[in-house]
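Trainee: Input file: my_file_5.cif. Contents: mmCIF, C-alpha atoms.
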```cif
data_upload
#
loop_
_atom_site.label_atom_id
_atom_site.label_comp_id
_atom_site.auth_asym_id
_atom_site.auth_seq_id
_atom_site.Cartn_x
_atom_site.Cartn_y
_atom_site.Cartn_z
CA MET A 1 0.00 0.00 0.00
CA SER A 2 2.96 2.34 0.40
CA GLU A 3 3.80 2.23 -3.30
CA LYS A 4 2.70 4.94 -5.68
CA PHE A 5 -0.14 4.29 -8.10
CA GLU A 6 -0.84 5.93 -11.42
CA CYS A 7 -4.46 6.43 -10.39
CA ILE A 8 -6.50 6.11 -7.19
CA VAL A 9 -10.30 5.79 -7.50
CA VAL A 10 -12.24 6.62 -4.34
CA GLY A 11 -15.58 4.80 -4.22
CA ALA A 12 -16.63 1.48 -5.75
CA GLY A 13 -20.04 2.42 -7.12
CA PRO A 14 -20.98 2.28 -10.83
CA ALA A 15 -18.85 5.33 -11.70
CA GLY A 16 -15.78 4.28 -9.72
CA ILE A 17 -15.82 0.66 -10.87
CA ALA A 18 -16.35 1.61 -14.53
CA CYS A 19 -13.40 3.98 -14.27
CA ALA A 20 -11.14 1.42 -12.56
CA TYR A 21 -12.11 -1.26 -15.09
CA GLU A 22 -11.25 0.91 -18.10
CA LEU A 23 -7.99 2.08 -16.54
CA ALA A 24 -6.85 -1.42 -15.64
CA LYS A 25 -7.77 -2.69 -19.10
CA ALA A 26 -5.59 0.08 -20.57
CA GLY A 27 -2.66 -1.02 -18.41
CA VAL A 28 -2.87 1.81 -15.88
CA LYS A 29 -1.80 0.90 -12.34
CA VAL A 30 -5.02 1.68 -10.45
CA LEU A 31 -6.16 1.37 -6.83
CA LEU A 32 -9.92 1.19 -6.11
CA LEU A 33 -10.88 2.12 -2.54
CA GLU A 34 -14.26 1.23 -1.01
CA ARG A 35 -15.40 2.23 2.47
CA GLY A 36 -17.96 -0.59 2.71
CA GLU A 37 -17.40 -4.22 3.55
CA TYR A 38 -17.65 -4.94 -0.16
CA PRO A 39 -18.74 -3.01 -3.29
CA GLY A 40 -22.50 -2.58 -3.18
CA SER A 41 -22.84 -2.95 0.58
CA LYS A 42 -23.55 0.78 0.98
CA ASN A 43 -24.93 1.54 -2.48
CA VAL A 44 -28.63 1.96 -3.15
CA MET A 45 -30.50 2.78 -6.32
CA GLY A 46 -34.01 2.08 -7.55
CA GLY A 47 -32.73 -1.06 -9.16
CA VAL A 48 -32.74 -0.38 -12.93
CA LEU A 49 -29.59 -0.83 -14.99
CA TYR A 50 -29.51 0.44 -18.58
CA ARG A 51 -27.80 -1.93 -20.99
CA GLN A 52 -26.11 0.41 -23.46
CA MET A 53 -23.98 2.35 -20.98
CA MET A 54 -22.87 -0.81 -19.23
CA GLU A 55 -22.15 -2.49 -22.55
CA ASP A 56 -19.93 0.44 -23.51
CA VAL A 57 -17.71 -0.85 -20.70
CA ILE A 58 -18.20 -4.64 -20.92
CA PRO A 59 -19.73 -5.87 -24.20
CA GLU A 60 -22.45 -8.54 -23.72
CA PHE A 61 -22.13 -8.29 -19.94
CA TYR A 62 -25.73 -9.50 -19.64
CA LYS A 63 -24.65 -13.04 -20.55
CA GLU A 64 -22.84 -13.47 -17.22
CA ALA A 65 -23.72 -10.61 -14.85
CA PRO A 66 -25.99 -11.30 -11.84
CA LEU A 67 -29.04 -9.52 -13.24
CA GLU A 68 -32.59 -9.94 -11.98
CA ARG A 69 -35.05 -9.52 -14.88
CA PRO A 70 -34.97 -7.81 -18.29
CA ILE A 71 -37.72 -5.17 -18.27
CA VAL A 72 -40.45 -5.64 -20.88
CA GLU A 73 -42.95 -3.19 -19.40
CA GLN A 74 -42.69 0.27 -17.88
CA ARG A 75 -45.82 1.60 -16.19
CA PHE A 76 -46.61 5.00 -14.71
CA MET A 77 -49.26 5.54 -12.04
CA MET A 78 -50.74 8.99 -11.39
CA MET A 79 -52.14 8.28 -7.94
CA ASP A 80 -54.84 9.76 -5.77
CA LYS A 81 -55.75 8.37 -2.35
CA GLU A 82 -57.93 5.55 -3.70
CA SER A 83 -57.33 5.58 -7.44
CA ALA A 84 -54.68 5.68 -10.12
CA LEU A 85 -54.60 6.79 -13.73
CA THR A 86 -52.16 4.33 -15.30
CA PHE A 87 -50.31 4.30 -18.62
CA GLY A 88 -47.16 2.71 -19.94
CA TYR A 89 -45.46 0.67 -22.62
CA LYS A 90 -44.89 -3.06 -22.97
CA GLY A 91 -42.68 -4.37 -25.75
CA MET A 92 -41.59 -7.94 -26.37
CA GLU A 93 -38.49 -6.63 -28.16
CA TRP A 94 -37.19 -5.58 -24.74
CA GLY A 95 -37.28 -9.22 -23.65
CA GLN A 96 -34.81 -10.29 -26.32
CA GLU A 97 -31.09 -9.72 -26.71
CA PRO A 98 -29.55 -7.23 -26.50
CA TYR A 99 -32.39 -5.98 -24.19
CA ASN A 100 -33.07 -2.41 -23.04
CA ASN A 101 -32.65 -2.48 -19.27
CA PHE A 102 -32.71 -4.79 -16.27
CA THR A 103 -33.58 -4.78 -12.61
CA VAL A 104 -30.57 -5.44 -10.40
CA LEU A 105 -29.72 -5.78 -6.74
CA ARG A 106 -26.68 -3.63 -6.13
CA ALA A 107 -25.12 -5.85 -3.46
CA LYS A 108 -24.83 -8.64 -6.05
CA PHE A 109 -24.13 -6.62 -9.17
CA ASP A 110 -21.49 -4.27 -7.79
CA GLN A 111 -19.47 -7.17 -6.37
CA TRP A 112 -19.48 -8.86 -9.77
CA PHE A 113 -18.59 -5.61 -11.57
CA ALA A 114 -15.75 -4.85 -9.14
CA GLN A 115 -14.37 -8.37 -9.60
CA LYS A 116 -14.26 -7.71 -13.33
CA ALA A 117 -12.09 -4.66 -12.65
CA VAL A 118 -9.85 -6.78 -10.43
CA ASP A 119 -9.58 -9.39 -13.20
CA GLN A 120 -8.31 -6.63 -15.48
CA GLY A 121 -5.61 -5.76 -12.95
CA ALA A 122 -7.15 -3.18 -10.59
CA LEU A 123 -6.31 -3.46 -6.88
CA LEU A 124 -9.49 -3.36 -4.77
CA VAL A 125 -9.22 -2.49 -1.08
CA ASN A 126 -12.45 -2.56 0.97
CA GLU A 127 -13.29 -1.13 4.41
CA THR A 128 -11.07 1.88 3.82
CA VAL A 129 -12.26 5.43 4.49
CA VAL A 130 -10.55 8.26 2.64
CA LEU A 131 -10.29 11.17 5.05
CA GLU A 132 -8.92 13.83 2.71
CA CYS A 133 -7.00 14.49 -0.46
CA ILE A 134 -3.28 15.16 -0.17
CA VAL A 135 -2.56 18.45 -1.90
CA GLU A 136 0.90 19.76 -2.71
CA ASP A 137 1.48 23.08 -4.49
CA GLY A 138 -2.21 23.26 -5.41
CA ARG A 139 -2.23 19.81 -6.99
CA VAL A 140 -3.87 16.62 -5.69
CA VAL A 141 -1.14 14.00 -5.33
CA GLY A 142 -2.87 11.31 -3.29
CA VAL A 143 -5.28 10.53 -0.46
CA ARG A 144 -5.08 10.10 3.31
CA THR A 145 -6.98 7.05 4.62
CA ASP A 146 -7.98 5.80 8.08
CA ARG A 147 -5.51 2.91 7.89
CA PRO A 148 -2.15 2.95 9.70
CA ASP A 149 0.44 4.59 7.46
CA GLY A 150 -2.53 5.30 5.21
CA ASP A 151 -1.13 8.02 2.95
CA LEU A 152 -1.38 6.83 -0.65
CA TYR A 153 0.01 8.66 -3.66
CA ALA A 154 -0.93 8.74 -7.33
CA ASP A 155 -0.55 10.80 -10.49
CA VAL A 156 -4.30 11.41 -10.51
CA VAL A 157 -7.21 10.81 -8.11
CA ILE A 158 -10.79 10.07 -9.20
CA LEU A 159 -13.48 11.13 -6.72
CA ALA A 160 -16.44 8.74 -6.94
CA ASP A 161 -17.43 9.06 -3.29
CA GLY A 162 -21.13 9.80 -3.69
CA VAL A 163 -23.65 12.59 -3.49
CA ASN A 164 -22.23 14.48 -0.53
CA SER A 165 -18.61 14.25 -1.64
CA LEU A 166 -16.69 15.55 1.34
CA LEU A 167 -13.48 15.27 -0.66
CA ALA A 168 -14.72 17.49 -3.48
CA LYS A 169 -16.10 19.91 -0.91
CA SER A 170 -12.77 20.06 0.92
CA LEU A 171 -11.11 21.00 -2.37
CA GLY A 172 -13.54 23.88 -2.77
CA PHE A 173 -15.29 22.25 -5.75
CA HIS A 174 -18.77 22.68 -4.28
CA ARG A 175 -20.62 24.31 -1.40
CA GLU A 176 -22.96 22.62 1.06
CA PHE A 177 -25.95 21.41 -0.93
CA ARG A 178 -29.38 22.79 -0.05
CA PRO A 179 -32.29 20.52 1.01
CA ASP A 180 -34.01 21.22 -2.33
CA GLU A 181 -30.99 19.85 -4.23
CA VAL A 182 -30.88 16.44 -2.54
CA ALA A 183 -33.48 13.68 -2.29
CA LEU A 184 -33.69 10.91 0.27
CA ALA A 185 -34.73 7.52 -1.09
CA THR A 186 -35.91 4.71 1.16
CA MET A 187 -36.37 1.22 -0.21
CA GLU A 188 -37.41 -2.19 1.02
CA ILE A 189 -36.70 -5.56 -0.55
CA ILE A 190 -39.66 -7.93 -0.19
CA LYS A 191 -39.33 -11.67 -0.85
CA LEU A 192 -42.07 -13.22 -2.96
CA ASP A 193 -42.31 -16.40 -5.01
CA ARG A 194 -41.22 -15.77 -8.59
CA LYS A 195 -44.35 -17.41 -10.06
CA ILE A 196 -46.55 -15.14 -7.94
CA ILE A 197 -44.60 -12.12 -9.19
CA GLU A 198 -45.10 -13.14 -12.81
CA ASP A 199 -48.84 -13.76 -12.29
CA ARG A 200 -49.43 -10.46 -10.47
CA PHE A 201 -47.54 -8.37 -13.00
CA ASN A 202 -48.81 -10.28 -16.06
CA LEU A 203 -45.32 -11.45 -17.03
CA GLU A 204 -43.95 -14.53 -18.72
CA GLN A 205 -41.02 -16.42 -17.24
CA ASP A 206 -38.07 -14.18 -16.25
CA GLN A 207 -39.66 -11.03 -17.69
CA GLY A 208 -39.68 -7.86 -15.58
CA CYS A 209 -41.86 -4.82 -15.00
CA THR A 210 -41.24 -1.41 -13.43
CA ILE A 211 -43.92 0.90 -12.04
CA GLU A 212 -43.17 4.57 -11.32
CA LEU A 213 -45.54 6.19 -8.82
CA PHE A 214 -46.51 9.88 -8.79
CA GLY A 215 -48.85 12.07 -6.78
CA ASP A 216 -50.28 10.52 -3.63
CA ALA A 217 -47.37 8.06 -3.46
CA THR A 218 -45.36 10.97 -2.05
CA LYS A 219 -48.36 12.75 -0.48
CA GLY A 220 -47.96 15.48 -3.08
CA ILE A 221 -44.29 16.16 -2.23
CA LEU A 222 -41.97 16.46 -5.23
CA GLY A 223 -40.60 12.97 -5.81
CA THR A 224 -41.57 9.51 -7.00
CA GLY A 225 -42.25 6.05 -5.70
CA PHE A 226 -41.28 2.88 -7.49
CA LEU A 227 -42.09 -0.82 -7.58
CA TYR A 228 -39.69 -3.11 -9.46
CA THR A 229 -39.77 -6.86 -10.05
CA ASN A 230 -36.69 -8.96 -9.29
CA LYS A 231 -36.33 -12.72 -9.68
CA ASP A 232 -37.94 -13.65 -6.37
CA THR A 233 -38.20 -10.27 -4.65
CA LEU A 234 -39.81 -6.89 -5.18
CA SER A 235 -38.10 -3.52 -4.69
CA ILE A 236 -40.55 -0.97 -3.28
CA GLY A 237 -39.36 2.52 -2.50
CA VAL A 238 -39.98 6.24 -2.50
CA GLY A 239 -37.69 9.23 -2.94
CA THR A 240 -38.50 12.87 -2.20
CA LEU A 241 -36.59 16.11 -1.84
CA LEU A 242 -35.29 16.70 1.67
CA SER A 243 -36.90 20.13 1.56
CA GLY A 244 -40.32 18.50 1.10
CA LEU A 245 -39.83 16.10 4.00
CA ILE A 246 -38.76 18.99 6.22
CA LYS A 247 -41.63 21.26 5.14
CA HIS A 248 -44.31 18.60 5.64
CA LYS A 249 -42.64 17.10 8.73
CA ILE A 250 -42.80 13.57 7.33
CA LYS A 251 -40.29 10.89 8.25
CA PRO A 252 -38.94 8.87 5.29
CA TYR A 253 -39.94 5.48 6.73
CA GLU A 254 -43.48 6.79 7.32
CA LEU A 255 -43.75 7.70 3.65
CA LEU A 256 -42.51 4.26 2.59
CA GLU A 257 -45.07 2.56 4.86
CA TYR A 258 -47.76 4.80 3.38
CA VAL A 259 -46.85 3.68 -0.15
CA LYS A 260 -46.72 0.01 0.85
CA HIS A 261 -50.26 0.18 2.27
CA HIS A 262 -51.74 2.30 -0.53
CA PRO A 263 -54.75 0.45 -2.02
CA MET A 264 -53.19 0.62 -5.50
CA ILE A 265 -49.94 -0.98 -4.31
CA ARG A 266 -50.90 -3.23 -1.38
CA PRO A 267 -52.19 -6.14 -3.56
CA TYR A 268 -48.82 -6.42 -5.34
CA LEU A 269 -47.02 -6.93 -2.01
CA GLN A 270 -49.54 -9.23 -0.32
CA GLY A 271 -47.91 -12.28 1.25
CA GLY A 272 -44.41 -10.90 0.79
CA GLU A 273 -41.72 -11.12 3.46
CA PRO A 274 -39.56 -8.04 4.18
CA GLN A 275 -35.87 -8.86 3.69
CA GLU A 276 -33.88 -5.65 3.68
CA TYR A 277 -34.35 -1.94 4.32
CA LEU A 278 -32.14 0.70 2.69
CA ALA A 279 -31.86 4.48 2.57
CA HIS A 280 -29.66 6.71 0.44
CA LEU A 281 -29.21 10.33 -0.57
CA ILE A 282 -29.62 11.16 -4.27
CA PRO A 283 -28.38 14.33 -6.00
CA GLU A 284 -31.31 16.04 -7.73
CA GLY A 285 -30.09 19.60 -8.19
CA GLY A 286 -29.17 18.81 -11.77
CA TYR A 287 -27.22 21.09 -14.08
CA TYR A 288 -27.08 24.09 -11.75
CA SER A 289 -25.79 21.99 -8.85
CA MET A 290 -22.88 20.44 -10.71
CA PRO A 291 -19.61 21.11 -8.88
CA LYS A 292 -16.29 21.75 -10.49
CA VAL A 293 -15.35 18.35 -11.92
CA VAL A 294 -11.70 18.89 -12.91
CA GLY A 295 -8.63 20.12 -11.07
CA ASP A 296 -4.89 19.57 -11.12
CA GLY A 297 -4.52 15.84 -10.53
CA VAL A 298 -8.19 15.17 -9.81
CA LEU A 299 -11.50 14.36 -11.53
CA VAL A 300 -15.03 14.03 -10.10
CA VAL A 301 -17.51 11.42 -11.43
CA GLY A 302 -20.96 9.94 -10.79
CA ASP A 303 -23.12 11.15 -7.90
CA ALA A 304 -20.18 13.18 -6.59
CA ALA A 305 -20.52 15.27 -9.77
CA GLN A 306 -24.34 15.47 -9.30
CA LEU A 307 -24.92 13.44 -12.46
CA VAL A 308 -28.56 12.42 -12.07
CA ASN A 309 -31.48 13.02 -14.41
CA ALA A 310 -34.26 13.34 -11.83
CA ILE A 311 -37.02 13.60 -14.44
CA HIS A 312 -36.26 10.21 -16.03
CA ARG A 313 -34.92 8.62 -12.83
CA GLU A 314 -31.53 7.96 -14.42
CA GLY A 315 -28.29 7.92 -12.48
CA SER A 316 -26.31 4.70 -12.81
CA ASN A 317 -26.09 5.04 -16.58
CA MET A 318 -24.73 8.59 -16.26
CA ALA A 319 -22.34 7.42 -13.54
CA MET A 320 -20.87 4.63 -15.67
CA THR A 321 -20.48 6.91 -18.66
CA SER A 322 -18.71 9.54 -16.55
CA GLY A 323 -16.38 6.87 -15.13
CA ARG A 324 -15.55 5.61 -18.61
CA LEU A 325 -14.88 9.12 -19.94
CA ALA A 326 -12.72 9.92 -16.90
CA ALA A 327 -10.65 6.77 -17.51
CA GLU A 328 -10.14 7.62 -21.18
CA THR A 329 -9.00 11.10 -20.15
CA VAL A 330 -6.50 9.68 -17.64
CA VAL A 331 -5.07 7.39 -20.33
CA LYS A 332 -4.66 10.44 -22.58
CA ALA A 333 -2.96 12.37 -19.75
CA LYS A 334 -0.62 9.45 -19.11
CA GLU A 335 0.41 9.41 -22.76
CA GLU A 336 1.20 13.13 -22.55
CA GLY A 337 2.82 12.83 -19.12
CA ASP A 338 0.69 15.74 -17.93
CA TYR A 339 -2.04 15.51 -15.27
CA SER A 340 -2.71 19.23 -15.07
CA GLU A 341 -6.21 20.69 -15.10
CA ARG A 342 -5.58 21.89 -18.66
CA VAL A 343 -5.17 18.33 -19.95
CA LEU A 344 -7.73 16.71 -17.64
CA ASP A 345 -10.36 19.25 -18.72
CA HIS A 346 -10.79 17.01 -21.75
CA TYR A 347 -13.04 14.95 -19.44
CA ARG A 348 -15.36 17.87 -18.70
CA LYS A 349 -15.72 18.73 -22.37
CA ARG A 350 -16.52 15.16 -23.39
CA LEU A 351 -18.93 14.76 -20.46
CA MET A 352 -20.92 17.85 -21.39
CA ASP A 353 -20.96 16.87 -25.07
CA SER A 354 -22.30 13.39 -24.22
CA PHE A 355 -25.92 12.48 -23.48
CA VAL A 356 -25.10 13.13 -19.80
CA GLY A 357 -24.43 16.83 -20.26
CA GLN A 358 -27.10 17.24 -22.92
CA ASP A 359 -29.84 15.72 -20.73
CA LEU A 360 -28.77 17.75 -17.69
CA LYS A 361 -29.00 20.91 -19.80
CA LYS A 362 -32.37 19.91 -21.25
CA TYR A 363 -33.96 19.49 -17.81
CA LYS A 364 -31.89 22.12 -15.99
CA ASP A 365 -34.97 24.01 -14.76
CA ALA A 366 -37.42 21.11 -14.35
CA THR A 367 -36.81 20.01 -10.76
CA HIS A 368 -36.72 23.56 -9.44
CA HIS A 369 -39.92 24.39 -11.34
CA PHE A 370 -41.94 21.46 -10.00
CA ASP A 371 -40.63 22.08 -6.49
CA ARG A 372 -41.69 25.71 -6.72
CA PHE A 373 -45.19 24.84 -7.99
CA PRO A 374 -46.42 21.78 -6.01
CA GLN A 375 -49.90 21.96 -7.54
CA TYR A 376 -48.78 19.62 -10.33
CA PHE A 377 -48.65 16.80 -7.78
CA ASP A 378 -51.10 17.71 -5.03
CA GLN A 379 -53.85 19.27 -7.20
CA TYR A 380 -53.63 18.31 -10.86
CA ILE A 381 -53.02 14.57 -10.45
CA PRO A 382 -56.08 14.18 -8.15
CA MET A 383 -58.02 16.31 -10.66
CA MET A 384 -57.06 13.90 -13.46
CA ASN A 385 -58.22 10.95 -11.37
CA ARG A 386 -61.59 12.54 -10.60
CA ALA A 387 -62.12 13.32 -14.28
CA ALA A 388 -61.26 9.76 -15.31
CA SER A 389 -63.60 8.35 -12.66
CA GLN A 390 -66.50 10.45 -13.92
CA MET A 391 -65.88 9.64 -17.59
CA PHE A 392 -65.61 5.90 -17.02
CA THR A 393 -68.54 5.62 -14.58
CA VAL A 394 -71.67 4.51 -16.47
CA ASP A 395 -74.59 6.08 -14.62
CA GLY A 396 -77.06 7.11 -17.32
CA SER A 397 -75.52 10.53 -17.90
CA SER A 398 -74.39 11.33 -21.42
CA LYS A 399 -70.71 11.75 -22.15
CA LYS A 400 -71.42 15.35 -23.11
CA GLU A 401 -72.98 15.98 -19.69
CA LYS A 402 -69.99 14.38 -18.03
CA GLN A 403 -67.56 16.54 -19.99
CA ARG A 404 -69.53 19.65 -19.03
CA LYS A 405 -69.49 18.63 -15.36
CA ILE A 406 -65.72 17.99 -15.40
CA TRP A 407 -65.15 21.35 -17.09
CA ASN A 408 -67.29 23.17 -14.54
CA GLU A 409 -65.60 21.45 -11.59
CA ILE A 410 -62.23 22.81 -12.69
CA GLY A 411 -63.46 26.20 -11.53
CA PRO A 412 -63.97 29.69 -12.96
CA VAL A 413 -62.21 31.05 -16.01
CA LYS A 414 -59.40 32.42 -13.83
CA GLU A 415 -58.63 28.92 -12.54
CA LYS A 416 -58.74 27.43 -16.03
CA LEU A 417 -56.29 30.06 -17.27
CA LYS A 418 -53.99 29.28 -14.33
CA ILE A 419 -53.97 25.57 -15.25
CA ALA A 420 -53.27 26.40 -18.89
CA ARG A 421 -50.40 28.64 -17.82
CA ASP A 422 -48.98 25.91 -15.58
CA LEU A 423 -49.18 23.34 -18.39
CA TYR A 424 -47.35 25.74 -20.69
CA ARG A 425 -44.66 26.31 -18.08
CA ALA A 426 -44.27 22.55 -17.60
CA TRP A 427 -43.91 22.09 -21.36
CA LYS A 428 -41.25 24.79 -21.50
CA VAL A 429 -39.05 23.21 -18.81
CA MET A 430 -39.45 19.73 -20.32
CA LYS A 431 -39.15 20.42 -24.05
#
```
For this file, produce the structure as structure tokens.
Mentor:
Amino acid sequence: MSEKFECIVVGAGPAGIACAYELAKAGVKVLLLERGEYPGSKNVMGGVLYRQMMEDVIPEFYKEAPLERPIVEQRFMMMDKESALTFGYKGMEWGQEPYNNFTVLRAKFDQWFAQKAVDQGALLVNETVVLECIVEDGRVVGVRTDRPDGDLYADVVILADGVNSLLAKSLGFHREFRPDEVALATMEIIKLDRKIIEDRFNLEQDQGCTIELFGDATKGILGTGFLYTNKDTLSIGVGTLLSGLIKHKIKPYELLEYVKHHPMIRPYLQGGEPQEYLAHLIPEGGYYSMPKVVGDGVLVVGDAAQLVNAIHREGSNMAMTSGRLAAETVVKAKEEGDYSERVLDHYRKRLMDSFVGQDLKKYKDATHHFDRFPQYFDQYIPMMNRAASQMFTVDGSSKKEKQRKIWNEIGPVKEKLKIARDLYRAWKVMK
């Protein structure tokens, strides 16, 4: 451990492992540090892994990786207290190679992924906390760990240490994040017979389904719930902005219990046995919350760089892409023998030119907008449910009468204009 490395990667999540894998494959002497007992032991995500970004790292990984189910259906529930307006897409092409995405359990998948990096030549050291970066003459030259004689040196350090990156903060790359820039996700793994899962979700053998939950699933707070099918378990969870939890004085586990017992969700979980409970912070500030991601001898990737598309619930795919681009930049710097910010800035440029930067720019105002105007969740979704209930209830009234009643219940002209204005604003921040 006292020897110098060409690169040290701090954090064995999707971004850190992808980076270490690419570096080791390119012949770079890389050390991967993980504070948990093993990779994945402290990592939580909704449970969806997108194939293309992972395949950019390991082609045809799905033939051997510990995946749960390929997703053939994605549903969306706009929920009120006792109803849900549901839509989605189911495609059999997603159930065939090369697939679109999969459900995964991070404890299994991350261990497998990290072992692949080790097989390429990376050195993985678990149960090691990095306390700070070692800086000399304004340049990061290594890290200080909690191990005896724990100072480790490298030409470049990759910070993949998660949403509240204390290392990036200590370098002055970002400030303390506000409660409206960070979400707290709580999730429970529930064991259920695989045949029961397939029957309840209308799936054939080994097929998977995801359900995203909006509206009453979060009691109108900005956020989403989710229900994902694994082989013989279900992942049920909910994530909301910290600012919403604080404002409404709701505890995260109370919100999760509320979702589990919601009449639209309870039947899916019936007879299941709770196995594991997890909680994790998620960066949701988007484009405006991105910290500085490049310095002399240092790069920032994944959640530590705030790379999450909160609108589409994407994070792991962005993380892996950022890790891969960081690795390619380090290889370039090694060839030039220059790890200065000028050379390493190639990473930032490629990141912002990729789908990662483009999607963050596209939705840069979306999260802040919906947080500022909560009526989208606590007023308009219930309104949609009431309208659907009236239209689909056969009670002898004509459809024209029903439409007139729904229109009148919206309120006076002033209220209708307000809704139209809100819909236009939503379109503008999403287009």
Trainee: Quick check on the file I pasted: which residues fall under the PyMOL selection byres ((chain A and resi 87-93) around 8)? Write them as number ranges by chain.
Mentor: A: 72-77, 85-86, 94-96, 99
Trainee: Run the PyMOL selection byres ((chain A and resi 191) around 12) mentally over the shown coordinates, then write out the matched residues as a ChimeraX atom specification, using the chain letters and numbers from the document.
Mentor: /A:188-190,192-197,229-236,268-276
Trainee: Which residue out of A:Pro267, A:Gly172, A:Gly16, A:Gly237 has the minimum interatomic distance to A:Phe113 when all atoms listed in the file are used?
Mentor: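 Closest candidate: A:Gly16.
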Trainee: With all atoms listed in the file counted, which protein, DNA or RNA residues have an atom no more than 12 Å from (-7.5, 6.8, -8.7) in the file frame? Please answer as a PyMOL selection string.
Mentor: chain A and resi 4-12+15-24+28-34+122-124+130+133+140-143+152-161+297-301+323+326-327+330-331
Trainee: Could you spell out the hits of the PyMOL selection byres ((chain A and resi 128) around 6) on the shown file, as a PDB file with C-alpha atoms, in the frame of the given file?
Mentor:
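Result saved to result.pdb:
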```pdb
ATOM      1  CA  GLU A  34     -14.260   1.230  -1.010  1.00  0.00           C
ATOM      2  CA  ARG A  35     -15.400   2.230   2.470  1.00  0.00           C
ATOM      3  CA  ASN A 126     -12.450  -2.560   0.970  1.00  0.00           C
ATOM      4  CA  GLU A 127     -13.290  -1.130   4.410  1.00  0.00           C
ATOM      5  CA  VAL A 129     -12.260   5.430   4.490  1.00  0.00           C
TER       6      VAL A 129
END
```
Trainee: Could you work out how far atom CA of A:Gly315 lies from atom CA of A:Lys42, giving the answer in Å with one decimal?
Mentor: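 That distance, rounded to one decimal, is 16.0 Å.
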Trainee: Which residue, A:Gly215, A:Gly220, A:Gly239, A:Pro148, has the smallest gap to A:Ala185 when you use only C-alpha atoms?
Mentor: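 Closest to A:Ala185 of all the choices is A:Gly239.
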Trainee: What is the distance between atom CA of A:Glu82 and atom CA of A:Pro374, in Å to one decimal?
Mentor: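 If I compute the distance from atom CA of A:Glu82 to atom CA of A:Pro374, I get 20.0 Å.
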Trainee: So that I can check the surroundings of A:Asn317, please list as a tab-separated table (two decimals) with C-alpha atoms, keeping the file's coordinate frame every protein, DNA and RNA residue that reaches within 12 Å of it, counting only C-alpha atoms and ignoring chain neighbours fewer than 2 positions away.
Mentor:
```tsv
chain	number	residue	atom	x	y	z
A	13	GLY	CA	-20.04	2.42	-7.12
A	14	PRO	CA	-20.98	2.28	-10.83
A	15	ALA	CA	-18.85	5.33	-11.70
A	18	ALA	CA	-16.35	1.61	-14.53
A	45	MET	CA	-30.50	2.78	-6.32
A	47	GLY	CA	-32.73	-1.06	-9.16
A	48	VAL	CA	-32.74	-0.38	-12.93
A	49	LEU	CA	-29.59	-0.83	-14.99
A	50	TYR	CA	-29.51	0.44	-18.58
A	51	ARG	CA	-27.80	-1.93	-20.99
A	52	GLN	CA	-26.11	0.41	-23.46
A	53	MET	CA	-23.98	2.35	-20.98
A	54	MET	CA	-22.87	-0.81	-19.23
A	55	GLU	CA	-22.15	-2.49	-22.55
A	56	ASP	CA	-19.93	0.44	-23.51
A	57	VAL	CA	-17.71	-0.85	-20.70
A	101	ASN	CA	-32.65	-2.48	-19.27
A	102	PHE	CA	-32.71	-4.79	-16.27
A	301	VAL	CA	-17.51	11.42	-11.43
A	302	GLY	CA	-20.96	9.94	-10.79
A	303	ASP	CA	-23.12	11.15	-7.90
A	307	LEU	CA	-24.92	13.44	-12.46
A	308	VAL	CA	-28.56	12.42	-12.07
A	309	ASN	CA	-31.48	13.02	-14.41
A	312	HIS	CA	-36.26	10.21	-16.03
A	313	ARG	CA	-34.92	8.62	-12.83
A	314	GLU	CA	-31.53	7.96	-14.42
A	315	GLY	CA	-28.29	7.92	-12.48
A	319	ALA	CA	-22.34	7.42	-13.54
A	320	MET	CA	-20.87	4.63	-15.67
A	321	THR	CA	-20.48	6.91	-18.66
A	322	SER	CA	-18.71	9.54	-16.55
A	323	GLY	CA	-16.38	6.87	-15.13
A	324	ARG	CA	-15.55	5.61	-18.61
A	354	SER	CA	-22.30	13.39	-24.22
A	355	PHE	CA	-25.92	12.48	-23.48
A	356	VAL	CA	-25.10	13.13	-19.80
```
Trainee: By how many Å are atom CA of A:Gln379 and atom CA of A:Tyr288 apart?
Mentor: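 One can read the atom CA of A:Gln379 to atom CA of A:Tyr288 distance as 27.6 Å.
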Trainee: Go through A:Met187, A:Glu204, A:Leu241, A:Val135 one by one, measure the shortest atom-to-atom distance of each to A:Leu227 using all atoms listed in the file, and give the residue with the smallest value.
Mentor: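 Among the listed residues, the smallest separation from A:Leu227 belongs to A:Met187.
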Trainee: Counting only C-alpha atoms, which of A:Ala333, A:Ala388, A:Val238, A:Glu60 gets nearest to A:His280?
Mentor: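 Of all the options, A:Val238 lies closest to A:His280.
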Trainee: With a distance cut-off of 10 Å and all atoms listed in the file, select the neighbouring residues of A:Met290, excluding the residue or stretch itself and same-chain residues fewer than 5 positions from it, and output the selection as a ChimeraX atom specification.
Mentor: /A:173-174,283-285,303-308,360
Trainee: If you keep C-alpha atoms, can you produce a file of those selected residues as a tab-separated table (two decimals), in the coordinates of the input?
Mentor:
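Okay, this is what ended up in result_28.tsv:
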```tsv
chain	number	residue	atom	x	y	z
A	173	PHE	CA	-15.29	22.25	-5.75
A	174	HIS	CA	-18.77	22.68	-4.28
A	283	PRO	CA	-28.38	14.33	-6.00
A	284	GLU	CA	-31.31	16.04	-7.73
A	285	GLY	CA	-30.09	19.60	-8.19
A	303	ASP	CA	-23.12	11.15	-7.90
A	304	ALA	CA	-20.18	13.18	-6.59
A	305	ALA	CA	-20.52	15.27	-9.77
A	306	GLN	CA	-24.34	15.47	-9.30
A	307	LEU	CA	-24.92	13.44	-12.46
A	308	VAL	CA	-28.56	12.42	-12.07
A	360	LEU	CA	-28.77	17.75	-17.69
```
